[in-house]
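A.B. asks: Here you go, this is start-v7.cif (mmCIF, C-alpha atoms).
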data_final
loop_
_atom_site.label_atom_id
_atom_site.label_comp_id
_atom_site.auth_asym_id
_atom_site.auth_seq_id
_atom_site.Cartn_x
_atom_site.Cartn_y
_atom_site.Cartn_z
CA MET Q 1 0.00 0.00 0.00
CA SER Q 2 1.36 3.44 -0.92
CA PHE Q 3 1.76 6.19 1.64
CA THR Q 4 -1.12 8.15 0.06
CA GLN Q 5 -3.41 5.14 0.29
CA ASP Q 6 -2.26 4.46 3.85
CA VAL Q 7 -2.95 8.04 4.91
CA GLU Q 8 -6.38 8.07 3.27
CA SER Q 9 -7.34 4.70 4.77
CA SER Q 10 -6.24 5.78 8.25
CA ILE Q 11 -8.50 8.84 8.24
CA VAL Q 12 -12.14 8.17 9.02
CA VAL Q 13 -14.50 10.86 7.71
CA PRO Q 14 -18.14 10.93 6.61
CA GLU Q 15 -18.70 9.66 3.06
CA GLU Q 16 -20.35 12.89 2.00
CA VAL Q 17 -17.29 15.00 2.80
CA VAL Q 18 -15.61 14.71 -0.59
CA PHE Q 19 -14.40 17.72 -2.51
CA SER Q 20 -15.90 18.55 -5.86
CA PRO Q 21 -13.89 20.14 -8.64
CA GLY Q 22 -14.50 23.81 -9.27
CA ASP Q 23 -14.26 27.01 -7.28
CA LEU Q 24 -13.18 25.62 -3.90
CA GLU Q 25 -13.05 27.80 -0.83
CA SER Q 26 -10.66 27.43 2.06
CA HIS Q 27 -12.20 25.86 5.15
CA GLU Q 28 -9.51 26.30 7.76
CA PRO Q 29 -10.41 26.68 11.45
CA PRO Q 30 -9.76 29.89 13.41
CA LEU Q 31 -6.15 30.35 14.51
CA GLU Q 32 -5.36 29.10 17.97
CA SER Q 33 -3.85 32.25 19.44
CA ASP Q 34 -2.93 35.85 18.72
CA LEU Q 35 0.71 34.75 18.42
CA HIS Q 36 -0.19 32.35 15.61
CA ARG Q 37 -2.19 34.98 13.73
CA GLU Q 38 0.43 37.70 14.21
CA GLN Q 39 3.26 35.42 13.08
CA ILE Q 40 1.46 34.34 9.91
CA ASP Q 41 0.53 37.93 9.03
CA LEU Q 42 4.10 39.06 9.69
CA LEU Q 43 5.68 36.49 7.38
CA ILE Q 44 3.22 37.26 4.57
CA ARG Q 45 3.72 41.03 4.87
CA LEU Q 46 7.50 40.70 5.07
CA LEU Q 47 7.79 38.56 1.95
CA ARG Q 48 5.45 40.78 -0.04
CA TRP Q 49 7.44 43.84 1.01
CA CYS Q 50 10.78 42.18 0.28
CA TRP Q 51 9.56 40.97 -3.13
CA GLN Q 52 7.42 43.99 -4.02
CA GLN Q 53 9.01 44.17 -7.49
CA ARG Q 54 8.15 40.54 -8.23
CA HIS Q 55 4.88 39.16 -9.61
CA ASP Q 56 5.84 35.51 -10.04
CA PHE Q 57 4.93 34.07 -6.67
CA TYR Q 58 1.96 33.37 -4.42
CA VAL Q 59 2.14 33.61 -0.64
CA SER Q 60 -0.63 32.88 1.82
CA GLY Q 61 -1.41 31.37 5.21
CA ASN Q 62 -4.00 29.24 6.96
CA LEU Q 63 -5.40 28.42 3.53
CA THR Q 64 -6.53 25.01 2.32
CA VAL Q 65 -4.34 23.23 -0.23
CA TYR Q 66 -6.45 20.84 -2.31
CA TYR Q 67 -4.17 18.24 -3.87
CA SER Q 68 -6.71 15.66 -5.09
CA PRO Q 69 -10.32 15.83 -6.31
CA GLN Q 70 -10.92 12.78 -4.08
CA GLN Q 71 -9.25 14.41 -1.11
CA ARG Q 72 -11.23 14.02 2.10
CA LYS Q 73 -11.35 16.68 4.78
CA SER Q 74 -10.38 15.51 8.24
CA GLU Q 75 -9.12 16.76 11.56
CA ASP Q 76 -5.76 15.16 10.73
CA PHE Q 77 -4.89 17.45 7.84
CA ARG Q 78 -5.25 21.21 7.60
CA GLY Q 79 -3.82 23.70 5.15
CA PRO Q 80 -0.34 25.06 5.85
CA ASP Q 81 -0.05 28.00 8.22
CA PHE Q 82 2.28 29.77 5.77
CA PHE Q 83 3.33 28.72 2.30
CA VAL Q 84 4.96 30.11 -0.83
CA VAL Q 85 4.56 28.92 -4.42
CA LEU Q 86 7.16 30.13 -6.92
CA ASN Q 87 6.83 30.72 -10.67
CA THR Q 88 3.10 31.28 -10.57
CA GLU Q 89 0.67 34.16 -10.97
CA ASP Q 90 0.34 36.55 -8.04
CA LYS Q 91 -3.42 36.94 -7.69
CA PRO Q 92 -6.05 36.48 -4.96
CA ARG Q 93 -7.35 32.95 -4.46
CA LYS Q 94 -10.00 31.31 -2.28
CA SER Q 95 -7.76 28.26 -1.84
CA TRP Q 96 -4.81 26.57 -3.54
CA VAL Q 97 -6.13 23.89 -5.91
CA VAL Q 98 -3.16 21.95 -7.26
CA TRP Q 99 -4.90 20.51 -10.34
CA GLU Q 100 -6.02 24.01 -11.34
CA GLU Q 101 -2.51 25.44 -10.85
CA ASN Q 102 -0.63 23.33 -13.39
CA GLY Q 103 0.15 20.75 -10.72
CA LYS Q 104 2.19 23.18 -8.64
CA TYR Q 105 2.68 22.51 -4.93
CA PRO Q 106 4.18 24.90 -2.35
CA ASN Q 107 7.94 25.43 -2.56
CA VAL Q 108 8.18 26.46 1.09
CA ILE Q 109 5.91 25.66 4.04
CA VAL Q 110 6.04 26.92 7.63
CA GLU Q 111 3.84 25.35 10.30
CA LEU Q 112 3.25 26.93 13.70
CA LEU Q 113 3.20 24.34 16.45
CA SER Q 114 0.62 24.25 19.21
CA ASN Q 115 -0.38 21.70 21.84
CA SER Q 116 -3.11 20.36 19.59
CA THR Q 117 -1.17 20.29 16.30
CA ALA Q 118 2.49 19.66 17.20
CA ALA Q 119 2.32 15.87 16.82
CA THR Q 120 0.62 16.17 13.42
CA ASP Q 121 3.01 18.89 12.22
CA ARG Q 122 6.04 16.79 13.21
CA GLY Q 123 4.56 13.56 11.89
CA LEU Q 124 1.69 13.24 9.41
CA LYS Q 125 2.06 16.68 7.83
CA LYS Q 126 5.80 16.34 7.50
CA GLN Q 127 5.33 13.06 5.69
CA ILE Q 128 2.60 14.45 3.42
CA TYR Q 129 4.80 17.42 2.50
CA GLN Q 130 7.70 15.06 1.86
CA ASP Q 131 5.96 12.22 0.02
CA ILE Q 132 2.97 13.86 -1.71
CA PHE Q 133 3.70 17.59 -1.99
CA ARG Q 134 7.45 17.06 -2.49
CA THR Q 135 7.83 20.53 -1.01
CA PRO Q 136 11.55 21.40 -1.16
CA GLU Q 137 11.68 23.12 2.25
CA TYR Q 138 9.61 22.65 5.40
CA PHE Q 139 9.98 24.65 8.62
CA TRP Q 140 8.15 24.66 11.92
CA LEU Q 141 8.07 27.11 14.79
CA ASP Q 142 6.46 27.04 18.22
CA PRO Q 143 5.47 30.71 18.78
CA HIS Q 144 5.50 30.17 22.56
CA SER Q 145 8.65 28.11 23.20
CA LEU Q 146 10.38 29.33 20.00
CA GLU Q 147 11.30 25.78 19.03
CA PHE Q 148 12.48 26.21 15.43
CA ALA Q 149 13.52 23.59 12.89
CA GLY Q 150 13.80 23.27 9.14
CA PHE Q 151 14.21 20.52 6.56
CA GLU Q 152 15.20 20.30 2.91
CA LEU Q 153 14.16 17.57 0.50
CA ILE Q 154 17.20 15.56 -0.58
CA ARG Q 155 16.64 12.51 -2.79
CA GLY Q 156 13.03 12.35 -1.65
CA THR Q 157 13.69 12.57 2.10
CA TYR Q 158 13.61 15.53 4.47
CA CYS Q 159 17.02 16.22 5.99
CA PRO Q 160 17.51 18.75 8.82
CA LEU Q 161 18.87 22.14 7.81
CA GLN Q 162 21.94 23.18 9.77
CA PRO Q 163 21.77 26.58 11.51
CA ASN Q 164 24.46 29.24 11.13
CA GLN Q 165 26.14 30.91 14.10
CA GLN Q 166 23.07 33.09 14.70
CA GLY Q 167 20.80 30.04 14.70
CA TRP Q 168 19.24 31.02 11.37
CA LEU Q 169 18.31 28.52 8.67
CA TRP Q 170 18.99 29.23 5.00
CA SER Q 171 16.14 28.86 2.51
CA GLU Q 172 17.49 28.15 -0.95
CA GLN Q 173 13.98 28.55 -2.36
CA LEU Q 174 13.50 32.06 -0.94
CA GLU Q 175 17.20 32.99 -0.97
CA LEU Q 176 16.69 34.30 2.55
CA TYR Q 177 17.53 33.18 6.07
CA LEU Q 178 14.76 32.40 8.54
CA GLY Q 179 15.56 33.09 12.18
CA ILE Q 180 14.25 34.34 15.49
CA HIS Q 181 14.35 38.09 16.13
CA GLU Q 182 12.61 39.65 19.14
CA GLN Q 183 10.53 36.52 19.75
CA LYS Q 184 9.29 36.36 16.14
CA LEU Q 185 10.31 34.37 13.07
CA ARG Q 186 11.81 36.83 10.61
CA PHE Q 187 13.64 36.89 7.29
CA PHE Q 188 17.27 37.94 6.87
CA THR Q 189 19.22 38.64 3.68
CA ARG Q 190 22.21 36.61 2.55
CA GLU Q 191 24.38 39.40 4.02
CA GLY Q 192 22.67 39.04 7.40
CA GLN Q 193 20.46 42.13 7.26
CA LEU Q 194 17.03 41.93 8.85
CA VAL Q 195 14.22 42.27 6.29
CA PRO Q 196 12.20 45.16 7.76
CA THR Q 197 8.46 45.63 7.82
CA PRO Q 198 7.02 48.69 6.04
CA GLU Q 199 6.48 50.24 9.48
CA GLU Q 200 10.10 49.66 10.45
CA VAL Q 201 11.22 51.22 7.16
CA ALA Q 202 9.01 54.28 7.84
CA ILE Q 203 10.38 54.62 11.39
CA ALA Q 204 13.98 54.35 10.15
CA GLU Q 205 13.34 56.97 7.45
CA GLN Q 206 11.75 59.29 10.01
CA GLN Q 207 14.71 58.83 12.32
CA ARG Q 208 17.12 59.65 9.49
CA ALA Q 209 15.07 62.74 8.61
CA ASN Q 210 15.09 63.84 12.26
CA GLN Q 211 18.85 63.33 12.47
CA GLU Q 212 19.42 65.35 9.29
CA LEU Q 213 17.19 68.12 10.63
CA GLN Q 214 19.05 68.06 13.94
CA ARG Q 215 22.42 68.31 12.17
CA ALA Q 216 21.13 71.21 10.04
CA GLU Q 217 19.84 73.02 13.15
CA GLN Q 218 23.16 72.47 14.92
CA ALA Q 219 25.08 73.80 11.91
CA GLU Q 220 22.81 76.86 11.76
CA ALA Q 221 23.24 77.48 15.49
CA LEU Q 222 27.02 77.18 15.15
CA LEU Q 223 27.03 79.64 12.24
CA ALA Q 224 24.87 82.08 14.23
CA ARG Q 225 27.31 81.98 17.17
CA TYR Q 226 30.23 82.55 14.80
CA ARG Q 227 28.54 85.61 13.31
CA GLU Q 228 27.77 86.98 16.75
CA ARG Q 229 31.44 86.72 17.67
CA PHE Q 230 33.18 87.69 14.45
CA GLY Q 231 30.48 89.48 12.46
CA GLU Q 232 29.60 88.86 8.84
CA PHE Q 233 32.29 87.45 6.60
CA SER Q 234 32.82 87.14 2.88
CA ASP Q 235 35.08 85.33 0.45
CA GLU Q 236 36.92 88.56 -0.51
#
Give the structure from the file, written as structure tokens.
C.D. replies:
Amino acid sequence: MSFTQDVESSIVVPEEVVFSPGDLESHEPPLESDLHREQIDLLIRLLRWCWQQRHDFYVSGNLTVYYSPQQRKSEDFRGPDFFVVLNTEDKPRKSWVVWEENGKYPNVIVELLSNSTAATDRGLKKQIYQDIFRTPEYFWLDPHSLEFAGFELIRGTYCPLQPNQQGWLWSEQLELYLGIHEQKLRFFTREGQLVPTPEEVAIAEQQRANQELQRAEQAEALLARYRERFGEFSDE
């Protein structure tokens, strides 16, 4: 028996819960905590900001991935908390339907662990992403304990990614590091620079503007004191 058949046979669901082809909506449950919701939103916003000049990817979170017209909904499998599909059209979707997307599966998946999902994320989901999705990179994070791990698909098997000195994990698919910063999972560039949020960019720009204004005011005050002491001067 194949893994797909084994998974399907091990999940008991009502006969009527079978997905029909067509315009399928996502049917994911509410997120388990504010930390889960905030982390998913943060990753989506960061990647969109970082890749704002690109239009060849799709990023979403807590959205159902339909990978078979005969797929059955169960409590054992939910859509990924965060996922990215490369080389596809960037447009709004109600769900990700693989057979309507030229057979494309996510290139990167991040799951957020919780007491109720950790065993599934470490076990069944990991095996589905490895054996059915063939997703090149899979990460998980516990938003509370900050347990963080990542895997890359090598010859059909997930192998643990090795962290750098900062504890970050390199994503070859995204060409970015993933790592913990101020209790959140964030992206970092190859050079080690934190990928900022739009708000952080605005704050940094305001700080630079304030510093430039302060320097200009200091220079003007210095010039005023010079004139008071030595009077006007010219180049003659």
A.B. asks: Kindly indicate which residue among Q:Ile154, Q:Leu146, Q:Ala119, Q:Leu112 lies nearest to Asp131 in chain Q, using all atoms listed in the file for the distances.
C.D. replies: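 Checking each candidate against Asp131 in chain Q, we get Q:Ile154 as the closest.
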A.B. asks: Find the residues around range 172-179 of chain Q up to 8 Å (all atoms listed in the file counted), leave out those fewer than 4 positions away in its own chain, and share them as a ChimeraX atom specification.
C.D. replies: /Q:107-108,136-137,166-168,185-190,192
A.B. asks: At what distance in Å, to one decimal, does CA of Glu182 in chain Q lie from CA of Ile203 in chain Q?
C.D. replies: 17.0 Å
A.B. asks: Grab the CA of Pro106 in chain Q to CA of Tyr129 in chain Q distance for me, in Å with one decimal place.
C.D. replies: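 Those two atoms sit 8.9 Å apart.
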A.B. asks: What do you get, as a list of chain:residue names, if you spell out every residue that the PyMOL selection byres ((chain Q and resi 140) around 7) selects here?
C.D. replies: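 Selected by the PyMOL selection byres ((chain Q and resi 140) around 7) here: Q:Val110, Q:Glu111, Q:Leu112, Q:Leu113, Q:Tyr138, Q:Phe139, Q:Leu141, Q:Asp142, Q:Phe148, Q:Ala149, Q:Gly150.
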A.B. asks: Considering all atoms listed in the file, state which residue in the set Q:Glu199, Q:Val85, Q:Ser145, Q:Val59 is at the smallest distance from Gly103 in chain Q.
C.D. replies: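 With all atoms listed in the file as the atom set, the closest residue is Q:Val85.
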A.B. asks: Would you mind reading off the distance between CA of Leu63 in chain Q and CA of Ser95 in chain Q, one decimal, in Å?
C.D. replies: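 Between CA of Leu63 in chain Q and CA of Ser95 in chain Q the gap works out to 5.9 Å.
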A.B. asks: Once the PyMOL selection byres ((chain Q and resi 86) around 7) has been applied to the shown file, what residues remain in the selection, as a ChimeraX atom specification?
C.D. replies: /Q:56-58,84-85,87-88,107
A.B. asks: Given the file shown, determine the residues that the PyMOL selection byres ((chain Q and resi 98) around 12) selects; report them as a compact mmCIF listing (two decimals) with C-alpha atoms, in the coordinates of the input.
C.D. replies:
# COMPACT_ATOMS: atom_id res chain seq x y z
CA PRO Q 21 -13.89 20.14 -8.64
CA GLY Q 22 -14.50 23.81 -9.27
CA LEU Q 24 -13.18 25.62 -3.90
CA THR Q 64 -6.53 25.01 2.32
CA VAL Q 65 -4.34 23.23 -0.23
CA TYR Q 66 -6.45 20.84 -2.31
CA TYR Q 67 -4.17 18.24 -3.87
CA SER Q 68 -6.71 15.66 -5.09
CA PRO Q 69 -10.32 15.83 -6.31
CA GLN Q 71 -9.25 14.41 -1.11
CA VAL Q 85 4.56 28.92 -4.42
CA THR Q 88 3.10 31.28 -10.57
CA SER Q 95 -7.76 28.26 -1.84
CA TRP Q 96 -4.81 26.57 -3.54
CA VAL Q 97 -6.13 23.89 -5.91
CA TRP Q 99 -4.90 20.51 -10.34
CA GLU Q 100 -6.02 24.01 -11.34
CA GLU Q 101 -2.51 25.44 -10.85
CA ASN Q 102 -0.63 23.33 -13.39
CA GLY Q 103 0.15 20.75 -10.72
CA LYS Q 104 2.19 23.18 -8.64
CA TYR Q 105 2.68 22.51 -4.93
CA PRO Q 106 4.18 24.90 -2.35
CA ILE Q 132 2.97 13.86 -1.71
CA PHE Q 133 3.70 17.59 -1.99
A.B. asks: For range 196-201 of chain Q, take all atoms listed in the file, fit an axis-aligned box around them, add 8 Å to each of the six sides, then output centre and edge lengths in Å rounded to one decimal, as lines of an AutoDock Vina configuration file.
C.D. replies:
center_x = 9.3
center_y = 48.2
center_z = 8.2
size_x = 21.7
size_y = 22.1
size_z = 20.4
A.B. asks: Q:Leu153, Q:Arg225, Q:Pro143, Q:Leu169: which is nearest Asp34 in chain Q, counting all atoms listed in the file?
C.D. replies: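 That would be Q:Pro143, the residue with the smallest distance to Asp34 in chain Q.
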A.B. asks: Counting only C-alpha atoms, note down every residue that has an atom within 10 Å of the point (9.3, 46.3, 8.8) (file coordinates), as a ChimeraX atom specification.
C.D. replies: /Q:42,45-46,49-50,186,194-204
